[in-house]
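Student: Contents of model15.cif (mmCIF, C-alpha atoms and all ligand atoms) are given next:
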data_work
#
loop_
_atom_site.label_atom_id
_atom_site.label_comp_id
_atom_site.auth_asym_id
_atom_site.auth_seq_id
_atom_site.Cartn_x
_atom_site.Cartn_y
_atom_site.Cartn_z
CA MET B 1 -23.85 59.84 -52.43
CA ILE B 2 -20.27 60.88 -51.60
CA PRO B 3 -18.32 60.02 -54.75
CA VAL B 4 -14.79 58.65 -54.69
CA LEU B 5 -13.58 61.61 -56.75
CA ASN B 6 -15.20 64.91 -57.68
CA LEU B 7 -13.36 67.30 -60.00
CA GLU B 8 -16.01 69.99 -59.70
CA PRO B 9 -14.63 72.08 -56.80
CA MET B 10 -11.20 72.30 -58.49
CA HIS B 11 -12.64 73.08 -61.88
CA LYS B 12 -15.19 75.60 -60.58
CA ALA B 13 -12.47 77.58 -58.82
CA ILE B 14 -10.36 77.99 -61.96
CA ARG B 15 -13.16 78.12 -64.53
CA ASN B 16 -12.60 81.66 -65.80
CA GLU B 17 -8.84 81.30 -65.92
CA VAL B 18 -9.08 78.05 -67.88
CA LEU B 19 -11.72 79.30 -70.29
CA SER B 20 -9.70 82.38 -71.19
CA ALA B 21 -6.61 80.21 -71.74
CA LEU B 22 -8.66 77.98 -74.04
CA GLU B 23 -9.88 81.04 -75.89
CA LYS B 24 -6.31 82.24 -76.34
CA VAL B 25 -5.24 78.94 -77.89
CA TYR B 26 -8.35 78.88 -80.06
CA ASP B 27 -7.65 82.34 -81.39
CA SER B 28 -3.97 81.56 -81.99
CA ASN B 29 -4.96 78.87 -84.53
CA TRP B 30 -1.86 76.92 -83.43
CA PHE B 31 -2.72 73.63 -81.76
CA ILE B 32 0.31 71.34 -81.68
CA MET B 33 3.94 71.94 -80.58
CA GLY B 34 3.64 75.63 -79.84
CA SER B 35 4.45 78.12 -77.12
CA GLU B 36 2.01 76.76 -74.51
CA LEU B 37 3.76 73.38 -74.64
CA GLU B 38 7.20 74.96 -74.53
CA GLN B 39 6.30 77.06 -71.50
CA PHE B 40 4.58 74.19 -69.72
CA GLU B 41 7.60 71.96 -70.30
CA ALA B 42 9.89 74.57 -68.78
CA GLU B 43 7.54 75.12 -65.82
CA PHE B 44 7.03 71.40 -65.17
CA ALA B 45 10.77 70.70 -65.37
CA GLU B 46 11.36 73.42 -62.79
CA TYR B 47 8.55 72.06 -60.62
CA CYS B 48 10.23 68.64 -60.58
CA SER B 49 13.76 70.06 -60.17
CA SER B 50 14.60 68.30 -63.38
CA LYS B 51 16.58 69.70 -66.32
CA PHE B 52 14.24 68.61 -69.11
CA ALA B 53 10.54 67.91 -69.52
CA ILE B 54 9.02 66.59 -72.74
CA GLY B 55 5.25 66.61 -73.20
CA VAL B 56 3.75 63.44 -74.67
CA GLY B 57 0.31 62.01 -75.40
CA ASN B 58 -0.28 60.13 -72.14
CA GLY B 59 1.42 58.41 -69.20
CA LEU B 60 1.72 55.05 -70.92
CA ASP B 61 3.55 56.65 -73.84
CA ALA B 62 5.83 58.52 -71.44
CA LEU B 63 7.07 55.21 -69.99
CA TYR B 64 7.17 53.44 -73.35
CA LEU B 65 9.14 56.26 -75.00
CA ILE B 66 11.71 56.31 -72.17
CA LEU B 67 12.32 52.57 -72.63
CA LYS B 68 12.51 52.92 -76.40
CA ALA B 69 14.86 55.89 -76.18
CA TYR B 70 17.19 53.87 -73.95
CA GLY B 71 17.20 51.09 -76.54
CA ILE B 72 15.38 48.64 -74.27
CA GLY B 73 13.37 46.13 -76.28
CA THR B 74 13.34 42.57 -77.58
CA GLY B 75 15.20 40.08 -75.40
CA HIS B 76 15.39 42.50 -72.46
CA GLU B 77 13.72 42.33 -69.07
CA VAL B 78 12.41 45.23 -67.02
CA ILE B 79 11.62 44.91 -63.31
CA ILE B 80 8.33 46.47 -62.22
CA PRO B 81 6.20 46.15 -59.09
CA SER B 82 3.53 43.45 -59.31
CA ASN B 83 0.83 45.69 -57.83
CA THR B 84 0.54 48.60 -60.17
CA PHE B 85 -1.81 49.86 -62.83
CA ILE B 86 -1.44 47.70 -65.94
CA ALA B 87 0.04 50.60 -67.95
CA THR B 88 3.42 50.10 -66.23
CA ALA B 89 3.59 46.55 -67.61
CA LEU B 90 2.12 47.44 -71.00
CA ALA B 91 4.82 50.07 -71.56
CA VAL B 92 7.43 47.33 -71.20
CA ASN B 93 5.59 45.04 -73.61
CA TYR B 94 5.13 47.85 -76.16
CA ALA B 95 8.88 48.39 -76.12
CA GLY B 96 9.22 44.66 -76.92
CA ALA B 97 10.72 43.70 -73.56
CA THR B 98 9.40 41.44 -70.81
CA PRO B 99 8.02 42.83 -67.53
CA VAL B 100 9.35 40.98 -64.47
CA LEU B 101 7.03 41.36 -61.51
CA VAL B 102 8.36 42.00 -58.00
CA GLU B 103 6.16 41.99 -54.92
CA PRO B 104 5.57 45.10 -52.79
CA ILE B 105 6.11 45.81 -49.12
CA VAL B 106 3.29 46.20 -46.60
CA GLY B 107 2.68 49.80 -45.56
CA THR B 108 3.35 51.87 -48.66
CA TYR B 109 2.65 48.97 -51.08
CA ASN B 110 5.59 50.08 -53.21
CA ILE B 111 8.13 47.65 -54.67
CA ASN B 112 10.06 45.59 -52.11
CA SER B 113 13.66 46.53 -52.86
CA GLU B 114 14.93 43.48 -50.94
CA LEU B 115 13.29 41.24 -53.57
CA ILE B 116 14.67 43.06 -56.60
CA GLU B 117 18.13 41.49 -56.73
CA GLN B 118 16.87 37.90 -56.97
CA SER B 119 14.87 38.87 -60.07
CA ILE B 120 17.84 40.36 -61.93
CA THR B 121 19.24 38.30 -64.82
CA SER B 122 21.79 39.02 -67.55
CA ASN B 123 18.87 40.32 -69.66
CA THR B 124 17.66 42.86 -67.09
CA LYS B 125 18.05 46.43 -68.35
CA ALA B 126 15.88 48.61 -66.15
CA ILE B 127 13.78 48.97 -63.01
CA ILE B 128 10.54 50.94 -63.10
CA ALA B 129 9.76 52.24 -59.63
CA VAL B 130 6.09 53.17 -59.30
CA HIS B 131 5.15 55.81 -56.70
CA LEU B 132 1.86 54.06 -56.04
CA TYR B 133 -1.11 55.96 -54.60
CA GLY B 134 1.07 59.07 -54.37
CA GLN B 135 3.67 57.54 -52.01
CA PRO B 136 7.29 57.73 -53.18
CA ALA B 137 9.13 54.43 -53.59
CA ASP B 138 12.43 53.98 -51.71
CA MET B 139 14.61 55.42 -54.48
CA ASP B 140 17.98 55.30 -52.67
CA GLU B 141 17.70 51.53 -52.27
CA ILE B 142 16.54 51.10 -55.86
CA ASN B 143 19.27 53.35 -57.27
CA GLU B 144 21.91 51.48 -55.28
CA ILE B 145 20.86 48.13 -56.77
CA ALA B 146 20.63 49.65 -60.25
CA GLU B 147 24.13 51.05 -59.96
CA LYS B 148 25.51 47.68 -58.87
CA TYR B 149 24.05 45.96 -61.95
CA GLY B 150 24.25 48.84 -64.43
CA LEU B 151 20.49 49.22 -64.81
CA VAL B 152 18.42 52.21 -65.88
CA VAL B 153 16.02 53.55 -63.22
CA ILE B 154 12.66 54.88 -64.40
CA GLU B 155 10.09 56.45 -62.11
CA ASP B 156 6.42 55.86 -62.88
CA ALA B 157 5.21 59.08 -61.26
CA ALA B 158 1.72 58.97 -62.80
CA GLN B 159 0.13 59.03 -59.34
CA ALA B 160 2.62 61.22 -57.52
CA GLN B 161 2.94 64.71 -59.04
CA GLY B 162 4.51 66.82 -56.31
CA ALA B 163 5.42 64.01 -53.88
CA HIS B 164 8.74 64.31 -52.02
CA TYR B 165 11.31 61.65 -51.24
CA LYS B 166 13.91 62.81 -48.66
CA GLN B 167 13.12 66.43 -49.45
CA ARG B 168 13.47 65.87 -53.18
CA LYS B 169 10.64 65.94 -55.71
CA VAL B 170 9.74 62.78 -57.59
CA GLY B 171 10.55 63.04 -61.28
CA SER B 172 14.24 63.72 -60.70
CA LEU B 173 15.21 60.67 -58.65
CA GLY B 174 16.18 58.22 -61.39
CA ASN B 175 17.37 58.38 -65.00
CA ALA B 176 13.95 59.51 -66.21
CA ALA B 177 10.34 59.68 -65.06
CA GLY B 178 6.96 59.27 -66.71
CA PHE B 179 3.95 61.34 -65.64
CA SER B 180 0.29 61.08 -66.60
CA PHE B 181 -2.20 63.95 -66.82
CA TYR B 182 -5.24 61.68 -67.09
CA PRO B 183 -8.13 63.79 -65.70
CA GLY B 184 -8.29 61.87 -62.41
CA LYS B 185 -4.59 62.25 -61.52
CA ASN B 186 -3.49 64.91 -59.01
CA ILE B 187 -2.94 67.28 -61.93
CA GLY B 188 -5.16 66.32 -64.83
CA ALA B 189 -5.74 67.59 -68.35
CA LEU B 190 -9.14 67.96 -70.01
CA GLY B 191 -8.41 64.67 -71.73
CA ASP B 192 -5.22 62.64 -72.10
CA GLY B 193 -1.72 63.96 -71.55
CA GLY B 194 1.69 62.91 -70.26
CA MET B 195 5.23 64.07 -69.58
CA VAL B 196 8.76 62.71 -69.41
CA THR B 197 11.23 64.39 -67.06
CA THR B 198 14.96 63.72 -67.08
CA ASN B 199 18.38 65.26 -66.44
CA ASP B 200 19.79 63.27 -69.37
CA GLU B 201 20.15 65.67 -72.29
CA GLN B 202 20.65 62.94 -74.88
CA LEU B 203 17.57 61.10 -73.69
CA ALA B 204 15.51 64.31 -73.78
CA HIS B 205 16.59 64.88 -77.36
CA ARG B 206 15.72 61.32 -78.41
CA ILE B 207 12.28 61.50 -76.82
CA LYS B 208 11.59 64.83 -78.52
CA GLU B 209 12.25 63.11 -81.82
CA LEU B 210 10.41 59.88 -80.99
CA ARG B 211 7.20 61.67 -79.95
CA ASN B 212 7.18 63.47 -83.31
CA TYR B 213 7.64 60.75 -85.97
CA GLY B 214 11.36 60.44 -85.21
CA SER B 215 11.97 63.94 -86.45
CA SER B 216 13.34 67.19 -85.11
CA ILE B 217 13.73 68.84 -88.51
CA LYS B 218 10.49 68.80 -90.50
CA TYR B 219 10.37 65.89 -92.98
CA THR B 220 13.79 64.63 -91.88
CA HIS B 221 13.40 61.37 -89.94
CA THR B 222 16.30 59.95 -87.95
CA SER B 223 14.29 57.09 -86.39
CA LYS B 224 10.90 55.37 -86.71
CA GLY B 225 9.14 57.45 -84.13
CA THR B 226 5.51 57.71 -83.18
CA ASN B 227 2.91 60.46 -82.81
CA SER B 228 2.58 61.23 -79.11
CA ARG B 229 2.43 64.93 -78.37
CA LEU B 230 0.84 67.09 -75.72
CA ASP B 231 -1.67 69.45 -77.38
CA GLU B 232 -1.51 73.22 -76.91
CA ILE B 233 -5.01 73.19 -75.41
CA GLN B 234 -3.95 70.67 -72.76
CA ALA B 235 -0.63 72.42 -72.09
CA ALA B 236 -2.45 75.74 -71.58
CA VAL B 237 -4.84 74.18 -69.05
CA LEU B 238 -2.07 72.27 -67.29
CA ARG B 239 -0.01 75.47 -66.93
CA ILE B 240 -2.84 76.95 -64.91
CA LYS B 241 -3.41 73.80 -62.89
CA LEU B 242 0.30 73.51 -62.04
CA GLN B 243 0.01 76.75 -60.07
CA TYR B 244 -2.66 75.13 -57.90
CA LEU B 245 -1.08 71.70 -57.55
CA ASN B 246 0.74 72.32 -54.24
CA GLY B 247 -2.43 73.72 -52.68
CA TRP B 248 -4.49 70.80 -53.93
CA ASN B 249 -1.93 68.31 -52.64
CA LYS B 250 -2.03 70.07 -49.24
CA GLU B 251 -5.80 69.63 -49.16
CA ARG B 252 -5.41 65.94 -49.97
CA ASN B 253 -2.93 65.69 -47.10
CA MET B 254 -5.35 67.33 -44.66
CA ILE B 255 -8.07 64.88 -45.70
CA ALA B 256 -5.63 61.97 -45.23
CA GLN B 257 -4.69 63.21 -41.74
CA ARG B 258 -8.38 63.43 -40.82
CA TYR B 259 -8.91 59.85 -42.07
CA ASN B 260 -5.81 58.73 -40.13
CA SER B 261 -6.99 60.13 -36.83
CA GLN B 262 -10.63 59.09 -37.08
CA LEU B 263 -10.02 55.60 -38.45
CA ALA B 264 -7.24 54.63 -36.04
CA GLY B 265 -8.04 51.73 -33.71
CA ILE B 266 -11.14 50.37 -35.43
CA GLY B 267 -9.44 47.30 -36.89
CA LEU B 268 -8.64 48.60 -40.36
CA ILE B 269 -5.19 48.55 -41.90
CA LEU B 270 -4.32 52.16 -42.69
CA PRO B 271 -1.58 53.49 -44.98
CA GLU B 272 1.89 53.89 -43.46
CA VAL B 273 4.12 56.80 -44.39
CA PRO B 274 7.90 56.39 -43.98
CA VAL B 275 9.59 59.30 -42.15
CA TRP B 276 11.36 60.35 -45.34
CA ALA B 277 8.21 60.55 -47.46
CA LEU B 278 5.82 63.38 -48.25
CA PRO B 279 3.07 61.60 -50.19
CA VAL B 280 0.43 63.39 -52.27
CA TRP B 281 -2.42 60.98 -51.53
CA HIS B 282 -3.57 60.20 -55.04
CA GLN B 283 -5.53 57.50 -53.25
CA TYR B 284 -6.19 56.88 -49.57
CA ILE B 285 -6.15 53.10 -49.24
CA ILE B 286 -7.43 50.99 -46.36
CA ARG B 287 -7.38 47.20 -46.12
CA VAL B 288 -10.30 45.10 -44.94
CA SER B 289 -10.64 41.33 -45.10
CA ASN B 290 -14.36 41.35 -45.95
CA ARG B 291 -14.01 44.05 -48.58
CA GLU B 292 -16.98 43.21 -50.82
CA LYS B 293 -19.39 43.40 -47.90
CA VAL B 294 -17.83 46.60 -46.55
CA GLN B 295 -18.07 48.16 -50.00
CA VAL B 296 -21.77 47.35 -50.31
CA ASP B 297 -22.50 48.47 -46.74
CA LEU B 298 -20.72 51.77 -47.41
CA LYS B 299 -22.66 52.26 -50.61
CA ASN B 300 -25.89 51.72 -48.68
CA ARG B 301 -24.75 54.50 -46.35
CA GLY B 302 -24.06 56.86 -49.26
CA VAL B 303 -20.32 56.37 -49.64
CA GLN B 304 -18.77 55.34 -52.94
CA THR B 305 -15.44 53.47 -52.92
CA LEU B 306 -13.21 51.92 -55.58
CA VAL B 307 -10.63 49.13 -55.74
CA HIS B 308 -7.11 49.82 -57.06
CA TYR B 309 -6.68 47.15 -58.35
CA PRO B 310 -9.05 44.14 -58.21
CA ILE B 311 -7.12 41.78 -60.54
CA PRO B 312 -3.31 41.74 -60.36
CA ILE B 313 -1.41 41.93 -63.65
CA HIS B 314 -0.12 38.36 -63.44
CA LEU B 315 -3.66 37.00 -63.23
CA GLN B 316 -5.01 39.09 -66.11
CA GLU B 317 -5.95 37.26 -69.29
CA ALA B 318 -3.76 39.71 -71.20
CA TYR B 319 -0.73 38.25 -69.37
CA LYS B 320 -1.53 34.54 -69.65
CA GLU B 321 1.45 34.04 -72.01
CA TYR B 322 3.79 34.18 -68.99
CA SER B 323 1.92 31.30 -67.26
CA TYR B 324 1.91 32.88 -63.82
CA LEU B 325 0.14 30.74 -61.26
CA LYS B 326 -2.41 31.81 -58.72
CA GLY B 327 -0.61 32.02 -55.38
CA GLU B 328 2.69 32.91 -57.00
CA LEU B 329 2.62 36.55 -55.88
CA LYS B 330 0.89 36.14 -52.55
CA LEU B 331 0.97 39.64 -51.12
CA THR B 332 -0.15 41.17 -54.40
CA GLU B 333 -3.08 38.76 -54.52
CA THR B 334 -4.00 39.46 -50.88
CA LEU B 335 -3.92 43.18 -51.59
CA SER B 336 -6.13 42.80 -54.63
CA ASN B 337 -8.71 41.18 -52.35
CA GLU B 338 -8.42 43.65 -49.47
CA VAL B 339 -7.61 47.17 -50.67
CA LEU B 340 -10.30 49.81 -50.73
CA SER B 341 -9.89 53.40 -51.93
CA LEU B 342 -11.80 55.99 -49.92
CA PRO B 343 -13.22 59.25 -51.33
CA MET B 344 -10.45 61.82 -51.81
CA TRP B 345 -10.40 65.08 -53.75
CA PRO B 346 -9.35 68.67 -53.18
CA GLY B 347 -12.50 70.45 -52.08
CA MET B 348 -13.91 67.48 -50.17
CA THR B 349 -15.38 68.98 -46.99
CA GLU B 350 -14.59 67.95 -43.40
CA GLU B 351 -18.25 66.98 -43.04
CA GLN B 352 -17.91 64.62 -45.99
CA VAL B 353 -14.74 63.08 -44.54
CA ASP B 354 -16.49 62.64 -41.21
CA LYS B 355 -19.46 61.00 -42.90
CA VAL B 356 -17.16 58.50 -44.61
CA CYS B 357 -15.45 57.74 -41.29
CA GLN B 358 -18.76 57.39 -39.44
CA ALA B 359 -20.02 54.99 -42.10
CA LEU B 360 -16.80 52.96 -41.89
CA ILE B 361 -16.99 52.78 -38.11
CA GLU B 362 -20.57 51.48 -38.41
CA VAL B 363 -19.78 48.81 -40.98
CA THR B 364 -16.50 47.39 -39.68
CA PRO B 365 -17.00 44.44 -37.36
C1 LIG B 401 -2.47 56.42 -64.87
C2 LIG B 401 -1.27 55.59 -64.78
C3 LIG B 401 -0.47 55.31 -65.89
C4 LIG B 401 -0.88 55.62 -67.29
O1 LIG B 401 -1.21 56.93 -67.55
P1 LIG B 401 -2.20 57.25 -68.80
O2 LIG B 401 -2.04 58.73 -68.96
O3 LIG B 401 -3.56 56.83 -68.41
O4 LIG B 401 -1.68 56.50 -69.98
C5 LIG B 401 0.71 54.63 -65.70
N1 LIG B 401 1.08 54.20 -64.48
C6 LIG B 401 0.34 54.41 -63.38
C7 LIG B 401 0.83 53.93 -62.06
C8 LIG B 401 -0.88 55.10 -63.50
O5 LIG B 401 -1.61 55.30 -62.41
#
Can the structure in the file be given as structure tokens, please?

Tutor:
Amino acid sequence: MIPVLNLEPMHKAIRNEVLSALEKVYDSNWFIMGSELEQFEAEFAEYCSSKFAIGVGNGLDALYLILKAYGIGTGHEVIIPSNTFIATALAVNYAGATPVLVEPIVGTYNINSELIEQSITSNTKAIIAVHLYGQPADMDEINEIAEKYGLVVIEDAAQAQGAHYKQRKVGSLGNAAGFSFYPGKNIGALGDGGMVTTNDEQLAHRIKELRNYGSSIKYTHTSKGTNSRLDEIQAAVLRIKLQYLNGWNKERNMIAQRYNSQLAGIGLILPEVPVWALPVWHQYIIRVSNREKVQVDLKNRGVQTLVHYPIPIHLQEAYKEYSYLKGELKLTETLSNEVLSLPMWPGMTEEQVDKVCQALIEVTP
């Protein structure tokens, strides 16, 4: 079976390096808020061309802490794309604000900036732009709207570490960005992890306090913060992985190009990349109308696939309080019925890509 993701080739290649880094942390007997975190924060900030990076517990916390640090909460609204992982919406709810869902565009499936303005009210405080599947959202358009209405712009870059928008790295294109180092992301920890990047010094300072019980001086608490820190063990591993990230993203891109050329013209809807985008292919998404059958047929031919995401946020039981109706967000609902994520991981061989394509050619009508 060709899996949808296989971390083994990446992890095999860096095994000795990682194990000796783990050993170093173990022997240091210092596990939280130490030199590995400090160095990783500096290296990740530089990687994103951003002034500050603050390690946190996970990607959800990264987004939630940005909102909280900007004072966004009860009575406020935050615009997010309607087709994203639920964490984007949950971060808004955790802050006490209301997520307002805006439909995507066809092609990149990122937020449709032409639909943002009609969703802005006097309570709107921020827009979270998600770089879905590793494709950067159209940040110039989003920033322009935000400027007009005085809104904060937050990037959800959980799926896009290393992606470029008009020659600039994601993570430095809004007021702040949230990253996830969940193991399956393009750069993943050996467990949970996350990061906030920003050029806003005040915000960086507030998040540093908030992640650590609202404290920057031990036992002095300036706000009711939380406990959301990036462990030394994870920082040490991520420092090593960061050196490989560009190479891994290049491999993902080569796989995507091979999919593009072999799957063209067989009646599938393939991803579209705007001229200004350099995506990092967290997922390679195709659209098929008879998805369930295609998925089973592929499985029978030894190809595993996944669906990102099968139930849109507005139709989740967790969001029934907002009384969204079926049919209200049409494109999002269509996508949830049609999208299919193909196998994609650094180290996937050309033979494996070809086998996936061959299977797809056989099963598409
Ligand atoms: C993974 C992900 C998150 C959440 O990250 P965690 O580290 O799992 O909390 C947020 N937004 C998007 C788009 C994601 O893919």

Student: With all atoms listed in the file as the atoms that count, which of B:Glu209, B:Asp192, B:Asp138, B:Glu272 lies nearest to ligand LIG 401 (chain B)?

Tutor: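 Answer, going by the shortest atom-to-atom distance: B:Asp192.
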
Student: Neighbouring residues of ligand LIG 401 (chain B) are defined here as those with any atom at most 10 Å from a ligand atom, counting all atoms listed in the file; list them as a ChimeraX atom specification.

Tutor: /B:56-64,81,83-91,129-134,155-160,178-185,188-189,191-195,282,308

Student: Between atom CA of B:Leu151 and atom CA of B:Leu329, what is the distance in Å, rounded to a tenth?

Tutor: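 Rounded to one decimal, the two atoms are 23.7 Å apart.
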
Student: Select from stretch 270-302 of chain B every residue with an atom at most 12 Å from any atom of stretch 351-358 of chain B, then for each give the shortest pair of atoms and their distance in Å to one decimal, using all atoms listed in the file, rows by chain and rising number, as CSV.

Tutor:
residue,atom,partner,partner_atom,distance
B:Tyr284,CA,B:Val353,CA,11.7
B:Ile286,CA,B:Cys357,CA,11.6
B:Gln295,CA,B:Val356,CA,11.7
B:Asp297,CA,B:Val356,CA,11.6
B:Leu298,CA,B:Val356,CA,8.1
B:Lys299,CA,B:Val356,CA,10.3
B:Asn300,CA,B:Val356,CA,11.8
B:Arg301,CA,B:Val356,CA,8.8
B:Gly302,CA,B:Val356,CA,8.5

Student: Place a sphere of radius 12 Å on (-1.9, 39.0, -69.1) in the file coordinates and name every protein, DNA or RNA residue with an atom inside or on its surface, counting all atoms listed in the file; give the answer as a PyMOL selection string.

Tutor: chain B and resi 86-87+89-90+93+98-99+101+311-325

Student: Quick one: residues within 9 Å of B:Ile116, only C-alpha atoms, excluding same-chain residues fewer than 2 positions away - as a PyMOL selection string?

Tutor: chain B and resi 79+102-103+111-114+118-120+127+142+145

Student: With distances taken over only C-alpha atoms, which of B:Ile2, B:Ala137, B:Leu203, B:Ala95 is nearest to B:Thr349?

Tutor: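 Between B:Ile2, B:Ala137, B:Leu203, B:Ala95, the residue approaching B:Thr349 most closely is B:Ile2.
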
Student: Expressed in Å to a single decimal, how great is the separation between atom CA of B:Val153 and atom CA of B:Arg211?

Tutor: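 Separation between atom CA of B:Val153 and atom CA of B:Arg211: 20.6 Å.
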
Student: Atom CA of B:Arg258 and atom CA of B:Gln161 are how many Å apart?

Tutor: 21.5 Å

Student: Need to verify the contact set: B:Val170, 7 Å, all atoms listed in the file, exclusion of same-chain residues closer than 5 positions in sequence. Can you return it as a PDB file with C-alpha atoms, in the coordinates of the input?

Tutor:
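Okay, this is what ended up in result28.pdb:
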ATOM      1  CA  CYS B  48      10.230  68.640 -60.580  1.00  0.00           C
ATOM      2  CA  ALA B 157       5.210  59.080 -61.260  1.00  0.00           C
ATOM      3  CA  GLY B 162       4.510  66.820 -56.310  1.00  0.00           C
ATOM      4  CA  ALA B 163       5.420  64.010 -53.880  1.00  0.00           C
ATOM      5  CA  HIS B 164       8.740  64.310 -52.020  1.00  0.00           C
ATOM      6  CA  TYR B 165      11.310  61.650 -51.240  1.00  0.00           C
TER       7      TYR B 165
END

Student: Could you check which of B:Gly55, B:Gly171, B:Gly75, B:Pro343 is closest to B:Met33, using only C-alpha atoms?

Tutor: B:Gly55

Student: Name the closest residue to B:Val92 among the candidates B:Met348, B:Ile154, B:Val294, B:Ala256; distances are taken between atoms, counting only C-alpha atoms.

Tutor: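 Comparing B:Met348, B:Ile154, B:Val294, B:Ala256 against B:Val92, the winner is B:Ile154.
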
Student: Can you pull out every residue within 7 Å of B:Val4, counting only C-alpha atoms, but drop anything in the same chain fewer than 5 positions away, and send it as JSON, numbers by chain?

Tutor: {"B": [304, 305, 306, 342, 343, 344]}

Student: Using C-alpha atoms, can you write the selected residues to a file as a PDB file, in the frame of the given file?

Tutor:
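Listing of part10.pdb after writing:
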ATOM      1  CA  GLN B 304     -18.770  55.340 -52.940  1.00  0.00           C
ATOM      2  CA  THR B 305     -15.440  53.470 -52.920  1.00  0.00           C
ATOM      3  CA  LEU B 306     -13.210  51.920 -55.580  1.00  0.00           C
ATOM      4  CA  LEU B 342     -11.800  55.990 -49.920  1.00  0.00           C
ATOM      5  CA  PRO B 343     -13.220  59.250 -51.330  1.00  0.00           C
ATOM      6  CA  MET B 344     -10.450  61.820 -51.810  1.00  0.00           C
TER       7      MET B 344
END

Student: Residues around (-2.7, 70.8, -73.5), cut-off 8 Å, counting only C-alpha atoms - what are they as number ranges by chain?

Tutor: B: 36-37, 189-190, 193, 230-238
